[in-house]
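Notes for the one structure printed next.
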2 protein chains.
Amino acid sequence: MTSAYDRLTERFSRIAVIDEAAAVLGWDAAAMMPAGGGAARGDQLAVLAGLAHAQLVAPAAADELAQAEADSAGLDAWHAANLRLMRHAHTRAVAIPADLVEAQARANSACEKVWREARNTADFSLVQASLAEVMNLVRQQAAALAPALGLSPYDALMDGYQRGIGAADVTPIFADYEAFLRASLPQAEERQARQPAPVPAQGPFAATVQEALCRRLSERAGLEPAHARLDRSAHPFCGGTPTDVRITTRYDEADLSMSLMGVMHETGHALYERGLPASFARQPVGQAAGMAAHESQSLIVEMQSCRSDAFLSWLGPELLATFGGDPAFYDPANLTRLWRRVERGFIRVDADEMTYPAHVILRFRLEQALVSGDLRVADLPGAWNEGLRGLLGVVPPDDAQGCLQDIHWYDGGVGYFPSYTLGAMAAAQLMAAARRAVPDLDAALSRGDLGPQVGWLREKVHGQGSLLGFNDLLQAATGKKLDPADFQAHLTARYLS
Amino acid sequence: MTSAYDRLTERFSRIAVIDEAAAVLGWDAAAMMPAGGGAARGDQLAVLAGLAHAQLVAPAAADELAQAEADSAGLDAWHAANLRLMRHAHTRAVAIPADLVEAQARANSACEKVWREARNTADFSLVQASLAEVMNLVRQQAAALAPALGLSPYDALMDGYQRGIGAADVTPIFADYEAFLRASLPQAEERQARQPAPVPAQGPFAATVQEALCRRLSERAGLEPAHARLDRSAHPFCGGTPTDVRITTRYDEADLSMSLMGVMHETGHALYERGLPASFARQPVGQAAGMAAHESQSLIVEMQSCRSDAFLSWLGPELLATFGGDPAFYDPANLTRLWRRVERGFIRVDADEMTYPAHVILRFRLEQALVSGDLRVADLPGAWNEGLRGLLGVVPPDDAQGCLQDIHWYDGGVGYFPSYTLGAMAAAQLMAAARRAVPDLDAALSRGDLGPQVGWLREKVHGQGSLLGFNDLLQAATGKKLDPADFQAHLTARYLS
């Protein structure tokens, strides 16, 4: 006779398999699908989401959970964590009424379409009403989740992306960073101004050659071609499934860093998926520990390793051999000046690692105010511009470069943004710990070898799945919970000394 | 209040959407997926198949069918046909016990794996036991379907690929063709021997240039890039969905015809899918009328049009302009000698259009004997070789070129083979009717323009979906049911005069 817990593992495995199908179809939509397939693809993804949801909210699932919890005394730490995560997923799923799920899917999809037009024309008024409706539904979603999870409404939204971290954790960390930035950014700019002007890129760099190089670097970092693909899409991402990871990038023939660093970023995500514990594949505990944890893995590969002095000292000559042209451009010192340039910009995804958190802090504050109702959607553009002025001293020339730049809110995604900066901070903390544990880490990087670092991450992060929460994972790997001091120390070393 | 028929259309739409997802994943597995994703993909496809099956066999579906049939008096011809096809699909699905469905999935998948090894090593003994198990289950499947459908066991299997055609229809047609071939093949060979020796291909023809040309020809034939892709796979096929068709081919740099004619073949399939009635999308009546009908559409484009004198007279100079080299190779008369060559070969997929039916006739006879039990699996290699000797006068040097060459039986697919030749015959019949109805059809082909022909097919075949059965579709389009005389007349004109 199968135990209730065994039946649950089958149920969650079935859900995961449906999610895998949807993940491949999502990748296909971005990387392969002809435009005319879009409407049908939307239906396919909606039906798969509905089928997965139905498995989770089925009455039998509640019975299995209650029985498995009653029988849980003998479960080891992994299975006990798995059962807790099953309960958590179930709690979230049943908390939201079916008609709200549908209303959100419709409103998000409609708003996202209007947003594209609004961004193209830099006209916030086009999307204001749609966004107001999306935010209205997000507030209902948060209100439904909050009591079920015992969290505040905003924290209940954050919990959907990174369990165990709430606004009360993030607020002081971000305030501290704001103070750090206020003091450090001018110093970094002064230091940068004193350096020689960088020799600009000597393109064109043929996209096909860039692609071959990106593939080689990604493989060198440990991403096996038998389990991964690299393709092109308008917006780079990592998708697919743990045994079949799909990463994408885009190529600019005038610029090497976008594709190279973009692919190494996605490779970091992909290595995390590849390194998840295979014995818990398709179970909640076998999945990544959250989006902040995921961002830490992309950023430790891209920002901590591939933009390090050590790695660039290896990469420069490789690039020269690959593309030819003026050796001065490929000089590692020149690459650091070009590819580690701080700048008070308007666009989050183009930001350097020092100013990036300011963009996140702005969104974190605004989205809390949108959820609480303290900020009306109509007042968003003004609040955005004032907020960026306060943080970075610059004001976007239009809303396309301001509050219209990111898809997240217009697609109903509220509570995600902090993950980017929590991930950046965790990456610095993990890098510091890896350096202590793996003495030859930087020597290996200076040979273009990420092996020692990735090996350490596999053990300390990837292989842990969701056994531990975000802070407990960091505690086990680095000896302390999230400590933003390591990130500030990293920036100080890289930009101020 | 929604009617039972409306609920059924929603149910079948949901099933079709799940099937669409599976179709894209199937394409991905062949054209994109890294090898390491294979195991997970198998699970994804199995779960999707199970979810679609569950929708069909749900108790509510039976209730809806009974109610909709009771209320069906007011349905027009399309909706009435749709309801009949829903009943048919339901009858097939519920006739087979769930444990037999599972046993077949397991046995077919296991046998297919062993078959690859057996074919690679030309060792039938490796796969004999697996094939016996597959055939044992196929017999159970046929025995379960036959009474439910009121058909013989073999016809119940054929019905899964082409409704409305059974062994009693096919047997005399094939006997007649065998007699035709016995008289005509030697004459065609004699005529061929009297012609000048063809100038062989002047390759290499770069795969990327072939691919661009294939894309252009496919688009010229009417396949819109907004709704279709052309990619590469080991075995060419047409997959995807009606608004997002995916065709594949492979390239041999020493040979142009494989990719060009292969792509035009798949384009014929793709145009059928694209031309299905959009107002019945995702409904049974909105789908292609069966596999013989589908083959007729690939073969009318490839064999009837693209290998015609008229089209080759346009294509030759196009190819010369694209690839350059000895003009003698590209001379249309030379291309007809090279690309319309009859040959008594061993391999079905390499066969010319005159000998191809012999390969099908062989399989049709053998698979009936396997289903009835008159032929034991152990005796298949000998029966194969004797059968081919009787039909074409040649005997394969080994089983890899004999009874191991096709995947169909080893994957549980019995009853499909006749569709290839029924399709070839229907293609000739449709072409003759199109020529009568569209006077400038050949003139257009001689300008490389398939427009008039495809336009006629859209109206007479594609846009009819499954409103009519195979013979009724031909009757409406050509004025008569399937009549093999048109195919024989086509071959006589092309190979004997």
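Ligands are numbered from 1 in the order shown, residues from 1 within each chain, and chains are lettered A, B, ... in the order they appear in the structure tokens.
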
Provide as a PDB file with C-alpha atoms, in the first residue's frame the residues of chain A at most 9 Å from chain B, counting only C-alpha atoms.
```pdb
ATOM      1  CA  ARG A  14       3.273  15.024 -12.217  1.00  0.00           C
ATOM      2  CA  VAL A  17       6.464  17.299 -15.462  1.00  0.00           C
ATOM      3  CA  ILE A  18       3.637  19.569 -16.644  1.00  0.00           C
ATOM      4  CA  GLU A  20       8.667  21.163 -17.544  1.00  0.00           C
ATOM      5  CA  ALA A  21       6.516  20.943 -20.670  1.00  0.00           C
ATOM      6  CA  ALA A  22       5.440  24.543 -20.127  1.00  0.00           C
ATOM      7  CA  VAL A  24      10.138  24.160 -22.951  1.00  0.00           C
ATOM      8  CA  LEU A  25       7.140  25.756 -24.668  1.00  0.00           C
ATOM      9  CA  ASP A  28      10.273  27.942 -27.756  1.00  0.00           C
ATOM     10  CA  MET A  32      11.936  29.637 -32.005  1.00  0.00           C
ATOM     11  CA  MET A  33       8.233  30.224 -32.513  1.00  0.00           C
ATOM     12  CA  PRO A  34       7.043  32.095 -35.590  1.00  0.00           C
ATOM     13  CA  ALA A  35       4.951  35.104 -34.581  1.00  0.00           C
ATOM     14  CA  GLY A  36       1.776  33.530 -35.915  1.00  0.00           C
ATOM     15  CA  GLY A  37       1.956  30.806 -33.283  1.00  0.00           C
ATOM     16  CA  GLY A  38       1.569  33.243 -30.407  1.00  0.00           C
ATOM     17  CA  ALA A  39      -2.172  32.999 -29.837  1.00  0.00           C
ATOM     18  CA  ALA A  40      -2.201  29.211 -29.821  1.00  0.00           C
ATOM     19  CA  ARG A  41       0.852  29.133 -27.557  1.00  0.00           C
ATOM     20  CA  ASP A  43      -3.763  28.804 -24.944  1.00  0.00           C
ATOM     21  CA  GLN A  44      -1.328  25.913 -24.574  1.00  0.00           C
ATOM     22  CA  LEU A  45       0.442  27.522 -21.632  1.00  0.00           C
ATOM     23  CA  VAL A  47      -4.205  24.958 -20.270  1.00  0.00           C
ATOM     24  CA  LEU A  48      -0.996  23.444 -18.880  1.00  0.00           C
ATOM     25  CA  LEU A  51      -3.849  21.272 -15.341  1.00  0.00           C
ATOM     26  CA  PRO A 225      26.243  20.317 -24.398  1.00  0.00           C
ATOM     27  CA  ALA A 226      24.396  17.032 -23.886  1.00  0.00           C
ATOM     28  CA  HIS A 227      22.142  18.838 -21.411  1.00  0.00           C
ATOM     29  CA  ALA A 228      22.009  22.420 -22.635  1.00  0.00           C
ATOM     30  CA  ARG A 229      21.484  24.672 -25.637  1.00  0.00           C
ATOM     31  CA  THR A 241      14.476  21.883 -17.397  1.00  0.00           C
ATOM     32  CA  PRO A 242      17.282  20.551 -15.182  1.00  0.00           C
ATOM     33  CA  THR A 243      18.361  17.883 -17.679  1.00  0.00           C
ATOM     34  CA  ASP A 244      17.747  20.111 -20.706  1.00  0.00           C
ATOM     35  CA  VAL A 245      18.633  23.701 -19.903  1.00  0.00           C
TER      36      VAL A 245
END
```

Would you mind listing what lies within 10 Å of Met261 (chain B) as a list of chain:residue names, with only C-alpha atoms counted and same-chain residues fewer than 6 positions away left out?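 Once the adjacent positions are removed, what remains is B:Cys214, B:Thr249, B:Thr267, B:Leu299, B:Val301, B:Glu302, B:Met303, B:Cys306, B:Arg307, B:Trp339.
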
Could you pull the residues within 8 Å of region 143-150 of chain A, counting only C-alpha atoms, minus those fewer than 2 positions along the same chain, as an MDAnalysis selection string? chainID A and resid 91:92 95:96 139:141 152:153 155:157

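Relative to CA of Pro418 (chain B), CA of Ala167 (chain B) is found at 9.1 Å.
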
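Among the candidates A:Pro236, A:Gly455, A:Gly290, A:Pro277, the one nearest to Leu441 (chain A) when counting only C-alpha atoms is A:Gly455.
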
Return the single residue from A:Ile347, A:Ala321, A:Ala288, A:Ala168 that is closest to Cys403 (chain A), with distances computed using only C-alpha atoms.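 Smallest separation from Cys403 (chain A) among the options: A:Ile347.
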
May I have the residues within 12 Å of region 456-460 of chain A as a ChimeraX atom specification, using only C-alpha atoms and disregarding those fewer than 3 positions away in the same chain? /A:222,268-277,288,293-294,296-298,300-301,427,430-441,450-453,463-468,472-479

Those residues with N, CA and C atoms, as a compact mmCIF listing (two decimals), in the first residue's frame please?
```txt
# COMPACT_ATOMS: atom_id res chain seq x y z
N GLY A 222 31.42 24.52 -17.42
CA GLY A 222 30.85 23.29 -16.90
C GLY A 222 29.47 22.94 -17.42
N GLY A 268 25.43 30.78 -15.21
CA GLY A 268 25.34 30.64 -13.75
C GLY A 268 24.00 30.09 -13.33
N HIS A 269 22.92 30.65 -13.93
CA HIS A 269 21.58 30.09 -13.66
C HIS A 269 21.52 28.62 -14.08
N ALA A 270 22.06 28.36 -15.27
CA ALA A 270 21.93 27.01 -15.84
C ALA A 270 22.70 25.98 -15.01
N LEU A 271 23.88 26.37 -14.50
CA LEU A 271 24.65 25.44 -13.68
C LEU A 271 23.90 25.10 -12.40
N TYR A 272 23.19 26.09 -11.86
CA TYR A 272 22.37 25.84 -10.67
C TYR A 272 21.33 24.76 -10.98
N GLU A 273 20.60 24.93 -12.09
CA GLU A 273 19.57 23.95 -12.46
C GLU A 273 20.19 22.56 -12.69
N ARG A 274 21.35 22.55 -13.37
CA ARG A 274 22.02 21.27 -13.65
C ARG A 274 22.50 20.59 -12.37
N GLY A 275 22.84 21.41 -11.37
CA GLY A 275 23.44 20.85 -10.15
C GLY A 275 22.44 20.50 -9.06
N LEU A 276 21.16 20.73 -9.31
CA LEU A 276 20.15 20.40 -8.29
C LEU A 276 20.17 18.90 -8.01
N PRO A 277 19.81 18.50 -6.81
CA PRO A 277 19.95 17.09 -6.43
C PRO A 277 19.05 16.18 -7.27
N ALA A 288 15.40 24.82 -7.02
CA ALA A 288 16.24 25.93 -6.57
C ALA A 288 15.60 26.61 -5.36
N ALA A 293 18.31 33.28 -4.45
CA ALA A 293 19.36 32.25 -4.56
C ALA A 293 19.76 32.07 -6.02
N HIS A 294 18.79 32.07 -6.92
CA HIS A 294 19.09 31.89 -8.34
C HIS A 294 19.93 33.06 -8.86
N SER A 296 21.87 34.85 -7.19
CA SER A 296 23.24 34.77 -6.64
C SER A 296 24.12 33.89 -7.51
N GLN A 297 23.53 32.88 -8.14
CA GLN A 297 24.33 31.97 -8.95
C GLN A 297 24.68 32.54 -10.32
N SER A 298 23.77 33.33 -10.89
CA SER A 298 24.13 33.99 -12.15
C SER A 298 25.17 35.07 -11.89
N ILE A 300 27.32 35.37 -9.32
CA ILE A 300 28.66 34.94 -8.89
C ILE A 300 29.48 34.53 -10.10
N VAL A 301 28.83 33.96 -11.10
CA VAL A 301 29.58 33.59 -12.32
C VAL A 301 29.90 34.84 -13.14
N ALA A 427 25.91 36.69 -3.68
CA ALA A 427 27.00 36.27 -4.57
C ALA A 427 28.34 36.71 -4.00
N LEU A 430 29.10 34.57 -0.94
CA LEU A 430 29.51 33.22 -1.34
C LEU A 430 30.90 33.24 -1.95
N MET A 431 31.21 34.28 -2.73
CA MET A 431 32.53 34.36 -3.35
C MET A 431 33.61 34.49 -2.29
N ALA A 432 33.35 35.31 -1.29
CA ALA A 432 34.33 35.47 -0.21
C ALA A 432 34.56 34.14 0.50
N ALA A 433 33.46 33.42 0.75
CA ALA A 433 33.59 32.12 1.42
C ALA A 433 34.31 31.12 0.54
N ALA A 434 34.00 31.14 -0.77
CA ALA A 434 34.65 30.20 -1.70
C ALA A 434 36.15 30.49 -1.75
N ARG A 435 36.51 31.77 -1.75
CA ARG A 435 37.94 32.13 -1.77
C ARG A 435 38.65 31.60 -0.54
N ARG A 436 37.99 31.67 0.61
CA ARG A 436 38.60 31.14 1.84
C ARG A 436 38.74 29.63 1.75
N ALA A 437 37.72 28.97 1.18
CA ALA A 437 37.70 27.50 1.18
C ALA A 437 38.55 26.91 0.05
N VAL A 438 38.68 27.64 -1.03
CA VAL A 438 39.36 27.12 -2.23
C VAL A 438 40.53 28.05 -2.54
N PRO A 439 41.69 27.75 -2.02
CA PRO A 439 42.79 28.72 -2.11
C PRO A 439 43.17 29.05 -3.55
N ASP A 440 43.05 28.11 -4.47
CA ASP A 440 43.51 28.40 -5.83
C ASP A 440 42.39 28.92 -6.73
N LEU A 441 41.33 29.45 -6.13
CA LEU A 441 40.19 29.89 -6.93
C LEU A 441 40.59 30.97 -7.92
N LEU A 450 36.81 28.05 -14.34
CA LEU A 450 35.83 28.25 -13.26
C LEU A 450 35.60 26.98 -12.46
N GLY A 451 36.32 25.93 -12.81
CA GLY A 451 36.07 24.62 -12.20
C GLY A 451 36.08 24.62 -10.68
N PRO A 452 37.13 25.15 -10.03
CA PRO A 452 37.15 25.10 -8.57
C PRO A 452 35.96 25.85 -7.96
N GLN A 453 35.64 27.01 -8.54
CA GLN A 453 34.53 27.77 -8.00
C GLN A 453 33.20 27.03 -8.18
N GLY A 463 23.62 21.57 -5.00
CA GLY A 463 23.23 20.25 -4.51
C GLY A 463 22.30 20.30 -3.30
N GLN A 464 22.13 21.49 -2.72
CA GLN A 464 21.27 21.62 -1.53
C GLN A 464 19.80 21.80 -1.89
N GLY A 465 19.52 22.05 -3.17
CA GLY A 465 18.13 22.25 -3.56
C GLY A 465 17.44 23.26 -2.66
N SER A 466 16.26 22.90 -2.20
CA SER A 466 15.51 23.77 -1.28
C SER A 466 15.49 23.19 0.13
N LEU A 467 16.53 22.43 0.45
CA LEU A 467 16.57 21.86 1.80
C LEU A 467 16.55 22.96 2.86
N LEU A 468 17.27 24.03 2.59
CA LEU A 468 17.38 25.14 3.54
C LEU A 468 16.75 26.40 2.95
N ASP A 472 19.47 30.30 5.81
CA ASP A 472 20.11 29.08 6.35
C ASP A 472 21.09 28.49 5.34
N LEU A 473 20.77 28.62 4.06
CA LEU A 473 21.69 28.15 3.02
C LEU A 473 22.99 28.95 3.09
N LEU A 474 22.85 30.27 3.25
CA LEU A 474 24.05 31.12 3.36
C LEU A 474 24.81 30.80 4.64
N GLN A 475 24.06 30.61 5.71
CA GLN A 475 24.71 30.27 6.99
C GLN A 475 25.56 29.00 6.83
N ALA A 476 24.99 27.98 6.22
CA ALA A 476 25.70 26.72 6.07
C ALA A 476 26.90 26.86 5.14
N ALA A 477 26.75 27.70 4.11
CA ALA A 477 27.82 27.81 3.10
C ALA A 477 28.91 28.78 3.53
N THR A 478 28.53 29.84 4.27
CA THR A 478 29.48 30.93 4.51
C THR A 478 29.70 31.20 5.99
N GLY A 479 28.91 30.54 6.86
CA GLY A 479 29.07 30.76 8.28
C GLY A 479 28.25 31.91 8.82
```

10 Å contact set for Ala66 (chain B), only C-alpha atoms, chain neighbours under 4 positions out, as a ChimeraX atom specification: /B:4-5,60-62,70-72,87

Check the DSSP output for the backbone and give back, as a PyMOL selection string, the residues of region 121-222 of chain A in alpha helix (DSSP H). chain A and resi 121+124-149+153-158+167-194+207-220

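Between CA of Ser130 (chain B) and CA of Asn108 (chain B) the separation is 8.4 Å.
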
For CA of Met425 (chain B) and CA of Leu366 (chain B), the interatomic separation in Å (one decimal):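 Calculated distance between CA of Met425 (chain B) and CA of Leu366 (chain B) is 21.1 Å.
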